[in-house]
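The structure under discussion appears below in the form of structure tokens.
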Amino acid sequence: MKQKLLWIVFALATAAQGASLDAGTPYPPELKPVLQEAQAAHLTAELLARYHYKGMPLDDALSEKIFDQYLKSLDSEKLFFVQADIDQLSGDRTKLGDAILKEDLTVPFAIFNLYEYRAAERFAYARTLLKKGFDFQQNESYQYAREKGAWPKTESEMRELWRKRVKNDWLRLKLAGKSDKSIVEILDKRYDNFLKRIGRVKSADAFQTYMNAYTMAIEPHTNYLGPRAAEDFDISMRLSLVGIGAVLAELDEYTTIRELVPGGPASLSGQLKIGDRIVGVAQGESGVMTDTLGWRLDDTVALIRGAADSVVLLDVLPADAGPDGKHKLVSLIRKTISLEEQAAKASVHSIMDGKATRRVGVISLPSFYEDFVARQKGVQAYKSATRDVARLLDELKEEKVDSVLIDLRNNGGGSLMEAVELTGLFIDKGPVVQQRNAGGEISVESDTQAGVAWDGPLGVLINRSSASASEIFAAAIQDYGRGLIMGEPSFGKGTVQTMVNLDQVAKNNKPQFGELKMTVAQFFRINGGTTQLRGVKPDILFPAVSDAENFGESSFDNALPWAQIKAADYSPTGDLKGLLPILVTLHEARVKMDKDFQYLQEDIAEFKLQRKKNLVSLNEAERRKERDAQEARLKSRESRRDTGNSAHEDVVGKEPAPGKGSALRDDGLQADERNLANELAAEKVRKNAKDVLLNEAVHILSDEVVVLKTGARLAARVKPGSLLMPD
């Protein structure tokens, strides 16, 4: 109790050092841990100590790492705490482990409460700056990425940082053509919304933040998921949920319909449309209506979801009605909704080369999803990535494609077994991946199904966001010589996680402890190497869009090291090394002539330069000059496109980007500040923009088809810089 009182006194005393909150600004509510959170923390610690691949005692050394990780998760950009806060908090660097073992979360919650107070303090101060305005003729700059910077030493230094931050927000809107009056309204509402969100933070949010600081202090891919986060994870794996079939967003404190899922109850009812606002939810036709105006989105969603075939009653404010407009009641029967937008999809791209046409089938796979529960129950039609891809391959074979490309860009992984089984669609039995557990025991996961679903030319497209299961699949395809790997080096996550339901372990009757995603093994390629840290290196490299220094496994300071074990017993099914020189030559010759590819390289170079610079000018004339130069460059590109197509506009499957690049210009707004119709239109523009890297990957596979048909005699004729011409 004495420790708790000291913390309360400390929090209030240090808060008084900063700018006090405005009289009209509500203080963030003090968050307190509940009993089950302390119990869940202790149980998590026991499991991690006993079963984690990188077992670490919860001692003072780990406690210090938890402290650093906790501060990073709360204030990574160093926008809220000042150095005096850090100095005071550092007295408890070694106590965060004890908080778990003794089931007393007072200290971590006190840190979180101070963070919330500081955050509210900063946004309240930001609102006061709007009354004064800014002088944009001064020559000063703003450092927008501060993760590697120092904590502001004093309160005056923090205020100066926020002055520049707000000034930059104002200038962005000013450059987008907004009037000063409109800018003040937009920013005041923005900062006020931040304050309201702070006020809606719950104990469960603080606890999950702290627990993830603990788990990630051990190793980057071990995570704690509270009950609601665990439910969302399960939905993402099985690609289905029980609900009304509407994608919802929080706009101006309203839960707003952003999209209607075709075939879902909301769409079939004909009573709802995009832009409608849900302001109340009741369970059953005669249930008590709960007012949800101003609620957190996840809280409203939790009310709308429920058991299949049950009734939910919605109080709806139509999209075209004002705040005081007439409401309507909409009764819907909840159904199982399949999230098809997140499932595998296929398209056919036709390449015209003289009189010849080659067809490349592209399968885009966002994740390695699998409905674990349905599979365990023996449900015949359970959802899985492998099943969907197998079906799409059959469709592509009916389309008589010459080659297949698996697009794994931004695929962060998923089910290990799905990665193994998906590989089995392209190889005829054999090992796919090796695993080494904490005890050093090595096991091999193999494809045991005879035959293949596709035996033709194959390619895999990856980027820095392709991780885990994506890397297992790409590495196996590469080791077998089964297909070409194209893109940029992958993430470098070579670890295996398992999900532990803490409520099942504790034998709780209802969900209250959440789940633990725990690293239990390291996986290795069948050639004996691992993707850990190094990732999968493509056979043909594309320009790297991501910043490898700040994104990827190698950016974590506590990642497991690279290692190597004995190769598995396998026989390559092909050898593409002989094809690579000619394919690289053709690729390099083509991209030199492809305007869009050149533009992409220019944009990447500019982005890297700005990222390295890490400063933006707060002088209006200078910023306008920079913006005008950017606009001139975009207009120049558009005019060149208007006078003639770029080198390879004949790829079917992607529309050219409409709108002269307007969707890419900075409007100074955040997503929830834009008109919903305009935001959806801009999304459509971005979605339909030409995919330059996919375009080139398709052409490389088209080249491969011709080279395989014509053989060595063609390879001997092709010279660097020449274009491939069929016989």
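Residues are referred to by chain and number: the chain letter is A, B, ... according to the order shown in the structure tokens, the number counts from 1 in that chain, and ligands are numbered separately from 1 in the order shown.
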What lies within 7 Å of Tyr382 in chain A using only C-alpha atoms, ignoring chain neighbours under 4 positions off, as a PDB file with N, CA, C and O atoms, in the first residue's frame?
ATOM      1  N   ASP A 371      -8.687 -22.288 -40.973  1.00  0.00           N
ATOM      2  CA  ASP A 371      -9.660 -22.405 -39.894  1.00  0.00           C
ATOM      3  C   ASP A 371      -9.285 -23.639 -39.072  1.00  0.00           C
ATOM      4  O   ASP A 371      -9.729 -24.755 -39.345  1.00  0.00           O
ATOM      5  N   ALA A 374     -12.303 -25.643 -37.342  1.00  0.00           N
ATOM      6  CA  ALA A 374     -13.116 -26.417 -38.273  1.00  0.00           C
ATOM      7  C   ALA A 374     -12.352 -27.648 -38.775  1.00  0.00           C
ATOM      8  O   ALA A 374     -12.927 -28.734 -38.925  1.00  0.00           O
ATOM      9  N   ARG A 375     -11.050 -27.476 -39.001  1.00  0.00           N
ATOM     10  CA  ARG A 375     -10.244 -28.612 -39.464  1.00  0.00           C
ATOM     11  C   ARG A 375     -10.178 -29.699 -38.391  1.00  0.00           C
ATOM     12  O   ARG A 375     -10.296 -30.893 -38.691  1.00  0.00           O
TER      13      ARG A 375
END
Any idea what's packed within 8 Å of range 239-247 of chain A, counting only C-alpha atoms, ignoring anything in its chain fewer than 4 positions away? Could you give it as a ChimeraX atom specification?
/A:235,257-267,304-308,332-340,342-343,369-371,383
Name the residues of range 472-559 of chain A that come out as strand (DSSP E or B) in a backbone DSSP run; write them as a list of chain:residue names.
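Here are the strand (DSSP E or B) residues of range 472-559 of chain A: A:Leu484, A:Ile485, A:Met486, A:Gly487, A:Thr495, A:Val496, A:Gln497, A:Thr498, A:Met499, A:Val500, A:Asn501, A:Glu515, A:Leu516, A:Lys517, A:Met518, A:Thr519, A:Val520, A:Ala521, A:Gln522, A:Phe523, A:Phe524, A:Ile540, A:Leu541.
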Store the residues picked out above in a file with N, CA, C and O atoms, as a PDB file, in the first residue's frame.
ATOM      1  N   LEU A 484      11.238 -19.241 -59.896  1.00  0.00           N
ATOM      2  CA  LEU A 484      12.020 -18.017 -59.753  1.00  0.00           C
ATOM      3  C   LEU A 484      11.493 -17.188 -58.586  1.00  0.00           C
ATOM      4  O   LEU A 484      10.286 -16.986 -58.456  1.00  0.00           O
ATOM      5  N   ILE A 485      12.401 -16.700 -57.758  1.00  0.00           N
ATOM      6  CA  ILE A 485      12.021 -15.789 -56.681  1.00  0.00           C
ATOM      7  C   ILE A 485      12.412 -14.382 -57.117  1.00  0.00           C
ATOM      8  O   ILE A 485      13.572 -14.136 -57.474  1.00  0.00           O
ATOM      9  N   MET A 486      11.447 -13.471 -57.084  1.00  0.00           N
ATOM     10  CA  MET A 486      11.680 -12.094 -57.538  1.00  0.00           C
ATOM     11  C   MET A 486      11.240 -11.109 -56.469  1.00  0.00           C
ATOM     12  O   MET A 486      10.373 -11.403 -55.657  1.00  0.00           O
ATOM     13  N   GLY A 487      11.839  -9.910 -56.465  1.00  0.00           N
ATOM     14  CA  GLY A 487      11.431  -8.865 -55.535  1.00  0.00           C
ATOM     15  C   GLY A 487      12.594  -8.362 -54.710  1.00  0.00           C
ATOM     16  O   GLY A 487      13.726  -8.276 -55.193  1.00  0.00           O
ATOM     17  N   THR A 495      11.337 -17.851 -37.071  1.00  0.00           N
ATOM     18  CA  THR A 495      10.896 -18.471 -35.828  1.00  0.00           C
ATOM     19  C   THR A 495       9.467 -18.980 -35.945  1.00  0.00           C
ATOM     20  O   THR A 495       8.690 -18.494 -36.758  1.00  0.00           O
ATOM     21  N   VAL A 496       9.145 -19.962 -35.109  1.00  0.00           N
ATOM     22  CA  VAL A 496       7.831 -20.600 -35.118  1.00  0.00           C
ATOM     23  C   VAL A 496       7.116 -20.272 -33.820  1.00  0.00           C
ATOM     24  O   VAL A 496       7.692 -20.404 -32.735  1.00  0.00           O
ATOM     25  N   GLN A 497       5.858 -19.845 -33.934  1.00  0.00           N
ATOM     26  CA  GLN A 497       5.065 -19.519 -32.751  1.00  0.00           C
ATOM     27  C   GLN A 497       3.901 -20.508 -32.599  1.00  0.00           C
ATOM     28  O   GLN A 497       3.435 -21.080 -33.587  1.00  0.00           O
ATOM     29  N   THR A 498       3.475 -20.681 -31.380  1.00  0.00           N
ATOM     30  CA  THR A 498       2.263 -21.451 -31.100  1.00  0.00           C
ATOM     31  C   THR A 498       1.336 -20.593 -30.263  1.00  0.00           C
ATOM     32  O   THR A 498       1.786 -19.725 -29.502  1.00  0.00           O
ATOM     33  N   MET A 499       0.045 -20.798 -30.430  1.00  0.00           N
ATOM     34  CA  MET A 499      -0.946 -20.054 -29.661  1.00  0.00           C
ATOM     35  C   MET A 499      -1.335 -20.851 -28.421  1.00  0.00           C
ATOM     36  O   MET A 499      -1.689 -22.032 -28.510  1.00  0.00           O
ATOM     37  N   VAL A 500      -1.258 -20.212 -27.263  1.00  0.00           N
ATOM     38  CA  VAL A 500      -1.639 -20.842 -26.001  1.00  0.00           C
ATOM     39  C   VAL A 500      -2.842 -20.098 -25.438  1.00  0.00           C
ATOM     40  O   VAL A 500      -2.757 -18.893 -25.158  1.00  0.00           O
ATOM     41  N   ASN A 501      -3.952 -20.790 -25.283  1.00  0.00           N
ATOM     42  CA  ASN A 501      -5.147 -20.194 -24.701  1.00  0.00           C
ATOM     43  C   ASN A 501      -4.994 -20.226 -23.182  1.00  0.00           C
ATOM     44  O   ASN A 501      -5.066 -21.287 -22.555  1.00  0.00           O
ATOM     45  N   GLU A 515      -4.768 -14.819 -24.723  1.00  0.00           N
ATOM     46  CA  GLU A 515      -3.919 -15.849 -25.322  1.00  0.00           C
ATOM     47  C   GLU A 515      -2.481 -15.369 -25.409  1.00  0.00           C
ATOM     48  O   GLU A 515      -2.209 -14.164 -25.416  1.00  0.00           O
ATOM     49  N   LEU A 516      -1.575 -16.328 -25.490  1.00  0.00           N
ATOM     50  CA  LEU A 516      -0.147 -16.050 -25.603  1.00  0.00           C
ATOM     51  C   LEU A 516       0.364 -16.636 -26.910  1.00  0.00           C
ATOM     52  O   LEU A 516       0.213 -17.834 -27.164  1.00  0.00           O
ATOM     53  N   LYS A 517       0.920 -15.782 -27.756  1.00  0.00           N
ATOM     54  CA  LYS A 517       1.588 -16.249 -28.981  1.00  0.00           C
ATOM     55  C   LYS A 517       3.066 -16.367 -28.649  1.00  0.00           C
ATOM     56  O   LYS A 517       3.742 -15.358 -28.467  1.00  0.00           O
ATOM     57  N   MET A 518       3.554 -17.607 -28.532  1.00  0.00           N
ATOM     58  CA  MET A 518       4.876 -17.847 -27.967  1.00  0.00           C
ATOM     59  C   MET A 518       5.797 -18.540 -28.966  1.00  0.00           C
ATOM     60  O   MET A 518       5.418 -19.511 -29.621  1.00  0.00           O
ATOM     61  N   THR A 519       7.015 -18.032 -29.077  1.00  0.00           N
ATOM     62  CA  THR A 519       8.017 -18.642 -29.940  1.00  0.00           C
ATOM     63  C   THR A 519       8.519 -19.931 -29.293  1.00  0.00           C
ATOM     64  O   THR A 519       9.009 -19.919 -28.162  1.00  0.00           O
ATOM     65  N   VAL A 520       8.381 -21.038 -30.024  1.00  0.00           N
ATOM     66  CA  VAL A 520       8.754 -22.345 -29.482  1.00  0.00           C
ATOM     67  C   VAL A 520       9.818 -23.057 -30.310  1.00  0.00           C
ATOM     68  O   VAL A 520      10.344 -24.088 -29.892  1.00  0.00           O
ATOM     69  N   ALA A 521      10.136 -22.526 -31.463  1.00  0.00           N
ATOM     70  CA  ALA A 521      11.118 -23.199 -32.325  1.00  0.00           C
ATOM     71  C   ALA A 521      11.677 -22.211 -33.334  1.00  0.00           C
ATOM     72  O   ALA A 521      11.160 -21.107 -33.520  1.00  0.00           O
ATOM     73  N   GLN A 522      12.755 -22.632 -33.985  1.00  0.00           N
ATOM     74  CA  GLN A 522      13.332 -21.884 -35.089  1.00  0.00           C
ATOM     75  C   GLN A 522      13.247 -22.778 -36.319  1.00  0.00           C
ATOM     76  O   GLN A 522      13.480 -23.986 -36.234  1.00  0.00           O
ATOM     77  N   PHE A 523      12.833 -22.197 -37.444  1.00  0.00           N
ATOM     78  CA  PHE A 523      12.765 -23.052 -38.631  1.00  0.00           C
ATOM     79  C   PHE A 523      13.975 -22.827 -39.527  1.00  0.00           C
ATOM     80  O   PHE A 523      14.587 -21.762 -39.531  1.00  0.00           O
ATOM     81  N   PHE A 524      14.297 -23.880 -40.267  1.00  0.00           N
ATOM     82  CA  PHE A 524      15.452 -23.882 -41.155  1.00  0.00           C
ATOM     83  C   PHE A 524      15.032 -24.352 -42.535  1.00  0.00           C
ATOM     84  O   PHE A 524      14.128 -25.186 -42.676  1.00  0.00           O
ATOM     85  N   ILE A 540      16.128 -12.662 -58.722  1.00  0.00           N
ATOM     86  CA  ILE A 540      16.172 -11.407 -59.485  1.00  0.00           C
ATOM     87  C   ILE A 540      15.695 -10.293 -58.564  1.00  0.00           C
ATOM     88  O   ILE A 540      14.547 -10.294 -58.113  1.00  0.00           O
ATOM     89  N   LEU A 541      16.581  -9.370 -58.267  1.00  0.00           N
ATOM     90  CA  LEU A 541      16.290  -8.295 -57.315  1.00  0.00           C
ATOM     91  C   LEU A 541      15.546  -7.149 -57.976  1.00  0.00           C
ATOM     92  O   LEU A 541      15.881  -6.726 -59.088  1.00  0.00           O
TER      93      LEU A 541
END
With DSSP run on the backbone, what are the alpha helix (DSSP H) residues within range 63-193 of chain A? I'd like them as a VMD selection string.
chain A and resid 63 to 74 83 to 89 96 to 101 106 to 129 155 to 175 180 to 193
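The spacing separating CA of Gly177 in chain A from CA of Gln670 in chain A amounts to 15.5 Å.
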For Ala126 in chain A, please output as a PDB file with N, CA and C atoms, in the first residue's frame all residues within 9 Å (counting only C-alpha atoms; exclusion window: fewer than 5 positions along the same chain).
ATOM      1  N   GLU A 121      -1.866  16.339 -21.709  1.00  0.00           N
ATOM      2  CA  GLU A 121      -1.225  17.630 -21.491  1.00  0.00           C
ATOM      3  C   GLU A 121      -0.700  18.210 -22.812  1.00  0.00           C
ATOM      4  N   ARG A 159       7.758  21.949 -25.266  1.00  0.00           N
ATOM      5  CA  ARG A 159       6.799  22.884 -25.854  1.00  0.00           C
ATOM      6  C   ARG A 159       7.257  23.368 -27.232  1.00  0.00           C
ATOM      7  N   TRP A 162       6.493  20.672 -29.727  1.00  0.00           N
ATOM      8  CA  TRP A 162       5.086  20.649 -30.100  1.00  0.00           C
ATOM      9  C   TRP A 162       4.684  21.881 -30.909  1.00  0.00           C
ATOM     10  N   ARG A 163       5.320  22.997 -30.663  1.00  0.00           N
ATOM     11  CA  ARG A 163       5.041  24.177 -31.488  1.00  0.00           C
ATOM     12  C   ARG A 163       5.363  23.876 -32.949  1.00  0.00           C
ATOM     13  N   ARG A 165       5.582  20.890 -34.305  1.00  0.00           N
ATOM     14  CA  ARG A 165       4.687  19.830 -34.775  1.00  0.00           C
ATOM     15  C   ARG A 165       3.358  20.418 -35.238  1.00  0.00           C
ATOM     16  N   VAL A 166       2.774  21.285 -34.434  1.00  0.00           N
ATOM     17  CA  VAL A 166       1.490  21.906 -34.781  1.00  0.00           C
ATOM     18  C   VAL A 166       1.659  22.830 -35.986  1.00  0.00           C
ATOM     19  N   LEU A 187      -7.778  21.316 -37.029  1.00  0.00           N
ATOM     20  CA  LEU A 187      -6.766  20.906 -36.058  1.00  0.00           C
ATOM     21  C   LEU A 187      -7.315  20.886 -34.635  1.00  0.00           C
ATOM     22  N   ASP A 188      -8.175  21.835 -34.302  1.00  0.00           N
ATOM     23  CA  ASP A 188      -8.752  21.827 -32.961  1.00  0.00           C
ATOM     24  C   ASP A 188      -9.578  20.554 -32.754  1.00  0.00           C
ATOM     25  N   TYR A 191      -7.069  17.478 -32.421  1.00  0.00           N
ATOM     26  CA  TYR A 191      -6.430  17.341 -31.111  1.00  0.00           C
ATOM     27  C   TYR A 191      -7.456  17.002 -30.031  1.00  0.00           C
TER      28      TYR A 191
END
With 12 Å as the cut-off and only C-alpha atoms counted, what is the closest atom pair between each nearby residue of range 535-644 of chain A and range 45-60 of chain A? Distances in Å to one decimal, ordered by chain and number, as a tab-separated table.
residue	atom	partner	partner_atom	distance
A:Asn558	CA	A:Lys54	CA	10.6
A:Ala559	CA	A:Lys54	CA	10.2
A:Leu560	CA	A:Lys54	CA	8.4
A:Pro561	CA	A:Lys54	CA	11.3
Quick one: residues within 10 Å of Lys328 in chain A, only C-alpha atoms, excluding same-chain residues fewer than 5 positions away - as a PyMOL selection string?
chain A and resi 271+278+314-318
With N, CA, C and O atoms kept, could you save the residues just selected as a JSON list (two decimals), in the first residue's frame?
[["chain", "number", "residue", "atom", "x", "y", "z"],
["A", 271, "GLN", "N", -31.65, -1.97, -46.51],
["A", 271, "GLN", "CA", -32.00, -0.86, -45.62],
["A", 271, "GLN", "C", -30.80, -0.02, -45.21],
["A", 271, "GLN", "O", -30.97, 1.01, -44.57],
["A", 278, "ILE", "N", -24.35, 4.18, -37.23],
["A", 278, "ILE", "CA", -25.01, 3.36, -36.21],
["A", 278, "ILE", "C", -24.83, 4.05, -34.86],
["A", 278, "ILE", "O", -23.72, 4.19, -34.37],
["A", 314, "LEU", "N", -30.51, -2.26, -34.88],
["A", 314, "LEU", "CA", -29.64, -1.10, -35.02],
["A", 314, "LEU", "C", -30.46, 0.19, -35.07],
["A", 314, "LEU", "O", -31.48, 0.27, -35.78],
["A", 315, "ASP", "N", -30.00, 1.19, -34.34],
["A", 315, "ASP", "CA", -30.55, 2.55, -34.44],
["A", 315, "ASP", "C", -29.63, 3.29, -35.41],
["A", 315, "ASP", "O", -28.45, 3.52, -35.11],
["A", 316, "VAL", "N", -30.17, 3.67, -36.56],
["A", 316, "VAL", "CA", -29.35, 4.20, -37.65],
["A", 316, "VAL", "C", -29.71, 5.64, -37.99],
["A", 316, "VAL", "O", -30.89, 5.97, -38.15],
["A", 317, "LEU", "N", -28.68, 6.47, -38.10],
["A", 317, "LEU", "CA", -28.83, 7.84, -38.60],
["A", 317, "LEU", "C", -28.38, 7.81, -40.06],
["A", 317, "LEU", "O", -27.20, 7.60, -40.34],
["A", 318, "PRO", "N", -29.31, 7.97, -41.01],
["A", 318, "PRO", "CA", -28.95, 7.84, -42.43],
["A", 318, "PRO", "C", -27.83, 8.79, -42.85],
["A", 318, "PRO", "O", -27.64, 9.86, -42.25]]
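With only C-alpha atoms as the atoms that count, the residue of A:Ile427, A:Ile186, A:Val584, A:Val460 with the shortest distance to Ser364 in chain A is A:Val460.
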Residue among A:Val348, A:Ala568, A:Val330, A:Ala119 lying closest to Glu445 in chain A, counting only C-alpha atoms
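Selected residue with least distance to Glu445 in chain A: A:Ala568.
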Please provide as a short mmCIF file (atom, residue, chain, number, x, y, z; two decimals) with C-alpha atoms, in the first residue's frame all residues within 6 Å of Val312 in chain A, with the sequence filter that same-chain residues fewer than 6 positions apart are discarded (counting only C-alpha atoms).
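Contents of out15.cif, freshly written:
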data_model
loop_
_atom_site.label_atom_id
_atom_site.label_comp_id
_atom_site.auth_asym_id
_atom_site.auth_seq_id
_atom_site.Cartn_x
_atom_site.Cartn_y
_atom_site.Cartn_z
CA ALA A 282 -29.99 -3.69 -29.10
CA GLN A 283 -30.02 -7.47 -28.75
CA GLY A 284 -33.23 -8.88 -30.23
CA SER A 331 -33.42 -5.40 -37.64
CA LEU A 332 -30.91 -7.94 -38.98
#
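For the atom pair formed by CA of Leu461 in chain A and CA of Asp407 in chain A, the distance is 4.8 Å, given to one decimal.
Put simply, CA of Asp703 in chain A is 20.7 Å away from CA of Tyr480 in chain A.
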Report the closest atom pair, with its distance in Å rounded to one decimal, for each residue of range 324-369 of chain A that has an atom no farther than 8 Å from range 692-702 of chain A; count only C-alpha atoms, sort by chain and then rising residue number, and write it as JSON lines.
{"residue": "A:His349", "atom": "CA", "partner": "A:Val698", "partner_atom": "CA", "distance": 7.5}
{"residue": "A:Ile351", "atom": "CA", "partner": "A:Ser702", "partner_atom": "CA", "distance": 7.2}
{"residue": "A:Arg358", "atom": "CA", "partner": "A:Ser702", "partner_atom": "CA", "distance": 6.4}
{"residue": "A:Arg359", "atom": "CA", "partner": "A:Ser702", "partner_atom": "CA", "distance": 7.6}
{"residue": "A:Val360", "atom": "CA", "partner": "A:Val698", "partner_atom": "CA", "distance": 6.5}
Output for the residues just chosen: C-alpha atoms as a PDB file, in the first residue's frame:
ATOM      1  CA  HIS A 349      -2.144 -11.263 -67.557  1.00  0.00           C
ATOM      2  CA  ILE A 351       1.691 -10.495 -72.861  1.00  0.00           C
ATOM      3  CA  ARG A 358       1.710 -15.576 -73.557  1.00  0.00           C
ATOM      4  CA  ARG A 359      -0.589 -15.818 -70.562  1.00  0.00           C
ATOM      5  CA  VAL A 360       0.623 -15.622 -66.976  1.00  0.00           C
TER       6      VAL A 360
END
